[in-house]
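Data block below; observations after.
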Amino acid sequence: MSDNKDITVVHLMRHGEVENPTGVLYGRLPGYHLSDLGRKMADRVADHLAGRDITHVVASPLERAQETAAPITAKLGLTTSTDDRLIEAENVFQGKTFGVGDGALKNPGNWKHLVNPFKPSWGEPYVDQVVRMMAALGAARDAARGHEAVAVSHQLPIWIVRSFAERRRLWHDPRKRQCTLASLTSFTYEGDKIVAIGYSEPARDLVPAHLLAGAKPVKGGSKGFGA
């Protein structure tokens with residue numbers, strides 16, 4: 001068995017719920033902050049992680065990720081680093097409503113962006129997301145070598161890098177992503193190699209039912225797929 005000093009865990013965390021009353025796909029837009037419920041989610045995860053051997057916390061530059069990391073660093077007496085590679089995926093529909101029943105799929109102006117779901121044609125290629133997210137995970141691992149790290153990111157990049165690490169296809173049904181709000185996708189490294197991936201939802205009881213993986217989409221509820 002390897003020495004414990006060779007074991008590092010990186011908890012890739014999705015941010016908490018965002019205040020988004022108009023239900024737009026906010027993507028990388030600035031100015032989207034955690035809701036009151038989102039802050040409760042972040043506090044819950046901070047409490048959950050309080051007893052862990054966490055020595056490094058890093059987050060996407062977007063406000064919702066930074067705000068999710070804040071109670072974790074406060075409780076652990078750490079500071080939050082920023083890694084641009086943890087940012088949300090680019091999406092041409094950013095700033096628009098794009099939910100079930102809102103007519104977006106019937107708009108001919110959108111069709112050119114929907115021709116290739118395998119790439120995908122509407123945003124940042126899945127392969128590019130894998131490259132930057134694997135690099136961000138590696139940096140967090142190196143910063144917490146022999147201990148644990150928390151890296152706060154967004155639903156799609158987290159799901160894509162997990163799918164890659166678990167050798168699944170990258171294209172998928174967004175409704176079936178196992179990456180709910182404030183969840184932890186935990187990568188265990190032995191040296192530089194990923195040897196296990198775990199998943200937990202410390203704030204599951206706070207997540208609205210329609211935002212859980214596999215839930216039936218709500219009409220006009222594009223924020224259900226918010227990042």
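Chain labels follow the order of the structure tokens: the first chain is A, the next B, and so on; residue numbering restarts at 1 in every chain, and ligands are counted from 1 in their shown order.
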Inset, instruction - Give the strand (DSSP E) residues of segment 1-220 of chain A, as DSSP finds them on the backbone, and put them as a VMD selection string. - result: chain A and resid 7 to 14 54 to 59 80 to 82 148 to 153 184 to 190 193 to 200
Inset, instruction - For Asp83 of chain A, list every protein, DNA or RNA residue within 7 Å, evaluated using only C-alpha atoms, and leave out those in the same chain fewer than 5 positions away; present the list as a ChimeraX atom specification. - result: /A:58-61
Take the selection from the previous step and output its residues with N, CA, C and O atoms, as a compact mmCIF listing (two decimals), in the first residue's frame.
```txt
# COMPACT_ATOMS: atom_id res chain seq x y z
N VAL A 58 -9.86 26.81 -3.92
CA VAL A 58 -9.73 27.58 -5.15
C VAL A 58 -11.10 27.65 -5.82
O VAL A 58 -11.94 26.77 -5.62
N ALA A 59 -11.35 28.70 -6.59
CA ALA A 59 -12.68 28.86 -7.19
C ALA A 59 -12.58 29.52 -8.56
O ALA A 59 -11.63 30.23 -8.88
N SER A 60 -13.61 29.28 -9.35
CA SER A 60 -13.83 30.00 -10.60
C SER A 60 -13.90 31.50 -10.29
O SER A 60 -14.29 31.90 -9.19
N PRO A 61 -13.55 32.36 -11.25
CA PRO A 61 -13.61 33.80 -10.98
C PRO A 61 -15.02 34.37 -10.88
O PRO A 61 -15.19 35.51 -10.42
```
List every residue of segment 122-170 of chain A that has an atom at most 8 Å from any atom of segment 180-192 of chain A, giving for each one its closest atom pair and the distance in Å to one decimal, counting only C-alpha atoms, sorted by chain and then by ascending residue number, as CSV.
```
residue,atom,partner,partner_atom,distance
A:Gly138,CA,A:Asp192,CA,7.8
A:Arg141,CA,A:Tyr189,CA,7.8
A:Gln155,CA,A:Thr180,CA,7.5
A:Ile158,CA,A:Thr185,CA,7.7
A:Arg162,CA,A:Thr185,CA,7.9
```
Inset, instruction - Would you list, as JSON, numbers by chain, the residues of segment 132-187 of chain A that end up in helix (DSSP H, G or I) under DSSP run on this structure's backbone? - result: {"A": [132, 133, 134, 135, 136, 137, 138, 139, 140, 141, 142, 143, 155, 156, 157, 158, 159, 160, 161, 162, 163, 164, 165, 174, 175, 176]}
Legend entry - For atom CA of Glu90 of chain A and atom CA of Glu124 of chain A, the interatomic separation in Å (one decimal):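 Computing it gives 5.0 Å between the two atoms.
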Inset, instruction - Do a neighbour search on Val207 of chain A at 12 Å with only C-alpha atoms, toss out local chain neighbours closer than 3 positions, and write the hits as a ChimeraX atom specification. - result: /A:15-18,37-42,44,179-183,201-204,210-213,215,224
Expected file: the selected residues, C-alpha atoms, as an mmCIF file, in the first residue's frame:
```cif
data_model
loop_
_atom_site.group_PDB
_atom_site.id
_atom_site.type_symbol
_atom_site.label_atom_id
_atom_site.label_comp_id
_atom_site.auth_asym_id
_atom_site.auth_seq_id
_atom_site.Cartn_x
_atom_site.Cartn_y
_atom_site.Cartn_z
ATOM 1 C CA HIS A 15 -21.714 26.458 -6.460
ATOM 2 C CA GLY A 16 -24.999 27.051 -4.633
ATOM 3 C CA GLU A 17 -28.274 28.368 -6.027
ATOM 4 C CA VAL A 18 -28.078 31.682 -7.890
ATOM 5 C CA LEU A 37 -30.857 29.634 -0.339
ATOM 6 C CA GLY A 38 -27.547 29.408 -2.181
ATOM 7 C CA ARG A 39 -25.751 30.931 0.787
ATOM 8 C CA LYS A 40 -27.398 28.373 3.080
ATOM 9 C CA MET A 41 -26.129 25.633 0.769
ATOM 10 C CA ALA A 42 -22.601 27.016 0.897
ATOM 11 C CA ARG A 44 -23.974 23.627 4.877
ATOM 12 C CA CYS A 179 -24.059 17.275 -10.302
ATOM 13 C CA THR A 180 -26.676 19.020 -8.246
ATOM 14 C CA LEU A 181 -26.244 22.409 -6.578
ATOM 15 C CA ALA A 182 -23.511 22.498 -3.887
ATOM 16 C CA SER A 183 -22.557 18.882 -4.612
ATOM 17 C CA GLU A 201 -24.673 16.008 -1.822
ATOM 18 C CA PRO A 202 -24.245 17.546 1.665
ATOM 19 C CA ALA A 203 -26.987 20.116 0.958
ATOM 20 C CA ARG A 204 -29.406 17.837 -0.895
ATOM 21 C CA HIS A 210 -37.055 20.155 -9.841
ATOM 22 C CA LEU A 211 -33.305 20.903 -9.847
ATOM 23 C CA LEU A 212 -32.193 17.415 -8.820
ATOM 24 C CA ALA A 213 -30.705 15.072 -11.436
ATOM 25 C CA ALA A 215 -36.177 15.700 -12.440
ATOM 26 C CA GLY A 224 -32.653 24.603 -13.757
#
```
Inset, instruction - Provide the atom CA of His48 of chain A to atom CA of Asp36 of chain A distance in Å, to one decimal place. - result: 18.7 Å
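Considering only C-alpha atoms, the residue among A:Asp128, A:Trp159, A:His147, A:Pro120 positioned nearest to Val92 of chain A is A:Pro120.
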Inset, instruction - Pick out the closest residue to Leu62 of chain A from this set: A:Pro125, A:Ala196, A:Ser153, A:Leu76. Count only C-alpha atoms. - result: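 Once distances to Leu62 of chain A are computed over only C-alpha atoms, the minimum belongs to A:Ser153.
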Inset, instruction - Measuring atom to atom with only C-alpha atoms, identify which of A:His11, A:Arg175, A:His56, A:Arg168 is nearest to Leu156 of chain A. - result: A:Arg175
Inset, instruction - Mind giving me the straight-line distance from atom CA of Glu88 of chain A to atom CA of Leu12 of chain A in Å, one decimal? - result: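 Atom CA of Leu12 of chain A lies 13.2 Å from atom CA of Glu88 of chain A.
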